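Novice: Structure incoming, see below.
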Amino acid sequence: MTKDAIQSNDAPAAIGPYSQAIRAGQTLYLSGQIPLDPSSMTIVEGGIEAQAHQVFRNLRAVMSAAGGSMDDMVKVSILMTNLADFAKVNDIMATYFTKPYPARATYQVAALPRGAMIEIEGTAVLPGAGREPATGWRETFDQTKGQ
């Protein structure tokens with residue numbers, strides 16, 4: 001299986017030796033996004049609400065570059081410097097996804113790069129990753145009927 005780097009100019013450029021996302025088969029692994037404005041590469045101002053919205057916009061840009069949408073995400077991990085902001089982030093997250101929402105883990109951390117208040121990474125299964133054709137016992141049985 002090959003792995004391909006995904007790059008979006010509508011999301012911040014990587015600030016280290018990593019890719020914005022890696023596609024392996026139909027699975028997309030999204031690197032953590034912090035609330036950097038892609039045009040200025042600075043953290044957005046306005047508190048946790050503005051930062052959370054920017055992170056989700058950055059993730060959406062990378063998903064789009066990979067040919068997917070936010071609803072293709074199956075798991076997200078949220079890192080926050082203050083879990084007192086959890087309810088606000090929950091409300092904002094709900095505006096970027098439809099049910100069924102992705103699985104999620106949320107952690108409080110001591111610090112994030114560039115003084116960010118939030119970072120989110122995710123895993124997605126991209127379109128075209130439908131059910132594999134059956135190759136099990138039933139197919140073998142059906143092919144040998146009447147023999």
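Residue numbers start at 1 in each chain; chains themselves are named A, B, ... in the order of the structure tokens; ligands are numbered from 1 in the order shown.
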Can you list, as an MDAnalysis selection string, every protein, DNA or RNA residue that comes within 12 Å of Met41 (chain A) when you count only C-alpha atoms, leaving out same-chain residues fewer than 5 positions away?
Specialist: chainID A and resid 9:15 33:36 54 58 114
Novice: Using only C-alpha atoms, which protein or nucleic acid residues come within 6 Å of Lys75 (chain A)? Drop anything in the same chain fewer than 2 positions from it, and give the result as a list of chain:residue names.
Specialist: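 My list of contacting residues is A:Met73, A:Pro102, A:Ala103, A:Arg104, A:Gly122, A:Thr123.
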Novice: So that I have them on file, write out the residues from the current selection with N, CA and C atoms, as a CSV table (one decimal), in the first residue's frame.
Specialist:
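Dumped everything to again_6.csv:
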```
chain,number,residue,atom,x,y,z
A,73,MET,N,-14.9,12.0,8.6
A,73,MET,CA,-14.1,11.8,9.8
A,73,MET,C,-14.7,10.8,10.7
A,102,PRO,N,-18.2,11.9,14.7
A,102,PRO,CA,-17.1,11.0,14.8
A,102,PRO,C,-16.8,10.6,16.3
A,103,ALA,N,-16.1,9.5,16.5
A,103,ALA,CA,-15.7,9.1,17.8
A,103,ALA,C,-14.7,10.2,18.3
A,104,ARG,N,-14.5,10.4,19.6
A,104,ARG,CA,-13.7,11.5,20.0
A,104,ARG,C,-13.0,11.2,21.4
A,122,GLY,N,-7.2,14.1,13.4
A,122,GLY,CA,-8.3,13.2,13.1
A,122,GLY,C,-8.0,12.1,12.1
A,123,THR,N,-8.9,11.2,12.0
A,123,THR,CA,-8.8,10.1,11.1
A,123,THR,C,-10.1,10.0,10.3
```
Novice: Choose the residue, out of A:Asp91, A:Asp4, A:Glu119, A:Asp71, that has the smallest atom-to-atom separation from Glu49 (chain A); count only C-alpha atoms.
Specialist: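 Selected residue with least distance to Glu49 (chain A): A:Asp91.
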Novice: For Thr81 (chain A), work out the shell of residues within 9 Å, counting only C-alpha atoms and skipping chain neighbours fewer than 5 positions away, then give it as a list of chain:residue names.
Specialist: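 In the requested form, the answer reads A:Tyr107, A:Gln108, A:Val109, A:Ala110, A:Ala111, A:Leu112, A:Ala116, A:Met117, A:Ile118.
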Novice: Could you save those same residues with N, CA and C atoms as a short mmCIF file (atom, residue, chain, number, x, y, z; two decimals), in the first residue's frame?
Specialist:
```cif
data_model
loop_
_atom_site.label_atom_id
_atom_site.label_comp_id
_atom_site.auth_asym_id
_atom_site.auth_seq_id
_atom_site.Cartn_x
_atom_site.Cartn_y
_atom_site.Cartn_z
N TYR A 107 -8.47 15.78 25.68
CA TYR A 107 -7.46 15.80 26.73
C TYR A 107 -7.10 17.23 27.10
N GLN A 108 -6.82 17.45 28.38
CA GLN A 108 -6.24 18.72 28.79
C GLN A 108 -4.73 18.54 28.80
N VAL A 109 -4.03 19.51 28.22
CA VAL A 109 -2.57 19.48 28.15
C VAL A 109 -2.00 20.75 28.77
N ALA A 110 -0.73 20.69 29.15
CA ALA A 110 -0.10 21.84 29.80
C ALA A 110 0.12 23.00 28.82
N ALA A 111 0.47 22.68 27.59
CA ALA A 111 0.74 23.73 26.60
C ALA A 111 0.63 23.15 25.20
N LEU A 112 0.41 24.03 24.23
CA LEU A 112 0.34 23.65 22.82
C LEU A 112 1.27 24.57 22.03
N ALA A 116 -1.26 28.12 21.44
CA ALA A 116 -2.64 27.81 21.07
C ALA A 116 -3.40 27.27 22.28
N MET A 117 -4.72 27.46 22.26
CA MET A 117 -5.58 26.94 23.31
C MET A 117 -6.17 25.58 22.95
N ILE A 118 -6.09 25.22 21.65
CA ILE A 118 -6.72 24.00 21.17
C ILE A 118 -5.95 23.45 19.97
#
```
Novice: Which residue out of A:Val89, A:Met1, A:Val125, A:Met70 has the minimum interatomic distance to Tyr29 (chain A) when only C-alpha atoms are used?
Specialist: A:Val125
Novice: What's around Met63 (chain A) at 9 Å? Count only C-alpha atoms, leave out sequence neighbours fewer than 5 positions away in its own chain, and write the answer as a ChimeraX atom specification.
Specialist: /A:6,8,21,28,30,58,68-70,72-73,124,126
Novice: For Pro113 (chain A), which of A:Met93, A:Leu59, A:Ile43, A:Leu83 is the closest residue, counting only C-alpha atoms?
Specialist: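 The closest residue to Pro113 (chain A) is A:Ile43.
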Novice: Closest to Ser31 (chain A) among A:Val62, A:Leu79, A:Glu121, A:Ala5, using only C-alpha atoms?
Specialist: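 Using only C-alpha atoms, the shortest distance to Ser31 (chain A) belongs to A:Glu121.
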Novice: Name the closest residue to Ile92 (chain A) among the candidates A:Ala52, A:Ala65, A:Ala105, A:Met80; distances are taken between atoms, counting only C-alpha atoms.
Specialist: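 Closest candidate: A:Ala52.
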Novice: Using backbone DSSP assignments, extract all alpha helix (DSSP H) residues from region 14-103 of chain A; output them as a PyMOL selection string.
Specialist: chain A and resi 47-65+86-94
Novice: Could you turn the residues from that selection into a file that holds C-alpha atoms, as a compact mmCIF listing (two decimals), in the first residue's frame?
Specialist:
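Output contents, as saved in out-v5.txt:
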```txt
# COMPACT_ATOMS: atom_id res chain seq x y z
CA GLY A 47 -10.46 33.34 22.59
CA ILE A 48 -11.40 29.69 22.48
CA GLU A 49 -14.40 30.22 20.18
CA ALA A 50 -12.36 31.88 17.43
CA GLN A 51 -9.56 29.36 17.86
CA ALA A 52 -11.88 26.35 17.69
CA HIS A 53 -13.58 27.65 14.54
CA GLN A 54 -10.18 28.22 12.88
CA VAL A 55 -9.02 24.71 13.74
CA PHE A 56 -12.16 23.18 12.23
CA ARG A 57 -11.80 25.38 9.11
CA ASN A 58 -8.20 24.18 8.76
CA LEU A 59 -9.25 20.55 9.09
CA ARG A 60 -12.05 21.08 6.56
CA ALA A 61 -9.53 22.52 4.06
CA VAL A 62 -7.28 19.47 4.38
CA MET A 63 -10.28 17.12 4.10
CA SER A 64 -11.37 18.93 0.93
CA ALA A 65 -7.86 18.67 -0.57
CA PHE A 86 -15.13 22.01 26.85
CA ALA A 87 -18.82 22.99 26.50
CA LYS A 88 -17.97 25.83 24.11
CA VAL A 89 -15.86 23.53 21.93
CA ASN A 90 -18.66 20.91 21.98
CA ASP A 91 -21.17 23.46 20.67
CA ILE A 92 -18.78 24.60 17.93
CA MET A 93 -17.86 21.04 16.92
CA ALA A 94 -21.53 20.20 16.42
```
Novice: Tell me, which residues of region 4-146 of chain A carry DSSP strand (DSSP E), written as a PyMOL selection string?
Specialist: chain A and resi 4-6+21-24+27-33+73-80+103-108+118-125
Novice: Go ahead and save the residues from that selection, with C-alpha atoms, as a tab-separated table (two decimals), in the first residue's frame.
Specialist:
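This is the output file result_13.tsv:
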```
chain	number	residue	atom	x	y	z
A	4	ASP	CA	0.40	9.97	-0.25
A	5	ALA	CA	0.89	13.35	1.38
A	6	ILE	CA	-2.10	15.70	1.22
A	21	ALA	CA	-2.32	14.62	6.19
A	22	ILE	CA	-1.33	11.21	4.87
A	23	ARG	CA	-3.62	9.05	2.77
A	24	ALA	CA	-3.03	5.30	3.02
A	27	THR	CA	-7.85	6.10	5.22
A	28	LEU	CA	-6.74	9.67	5.84
A	29	TYR	CA	-4.66	10.55	8.89
A	30	LEU	CA	-4.85	14.28	9.63
A	31	SER	CA	-2.07	15.92	11.59
A	32	GLY	CA	-3.03	18.10	14.50
A	33	GLN	CA	-4.21	21.54	13.48
A	73	MET	CA	-14.05	11.79	9.75
A	74	VAL	CA	-14.43	8.76	12.01
A	75	LYS	CA	-12.24	9.84	14.96
A	76	VAL	CA	-10.95	13.12	16.34
A	77	SER	CA	-8.65	13.85	19.25
A	78	ILE	CA	-8.96	17.26	20.85
A	79	LEU	CA	-6.20	18.73	22.97
A	80	MET	CA	-7.10	21.76	25.08
A	103	ALA	CA	-15.67	9.14	17.84
A	104	ARG	CA	-13.68	11.52	20.01
A	105	ALA	CA	-11.20	11.80	22.81
A	106	THR	CA	-10.50	15.08	24.60
A	107	TYR	CA	-7.46	15.80	26.73
A	108	GLN	CA	-6.24	18.72	28.79
A	118	ILE	CA	-6.72	24.00	21.17
A	119	GLU	CA	-5.36	21.43	18.71
A	120	ILE	CA	-7.35	18.76	16.87
A	121	GLU	CA	-6.17	15.75	14.87
A	122	GLY	CA	-8.33	13.22	13.10
A	123	THR	CA	-8.78	10.07	11.08
A	124	ALA	CA	-11.15	9.80	8.12
A	125	VAL	CA	-12.33	7.12	5.73
```
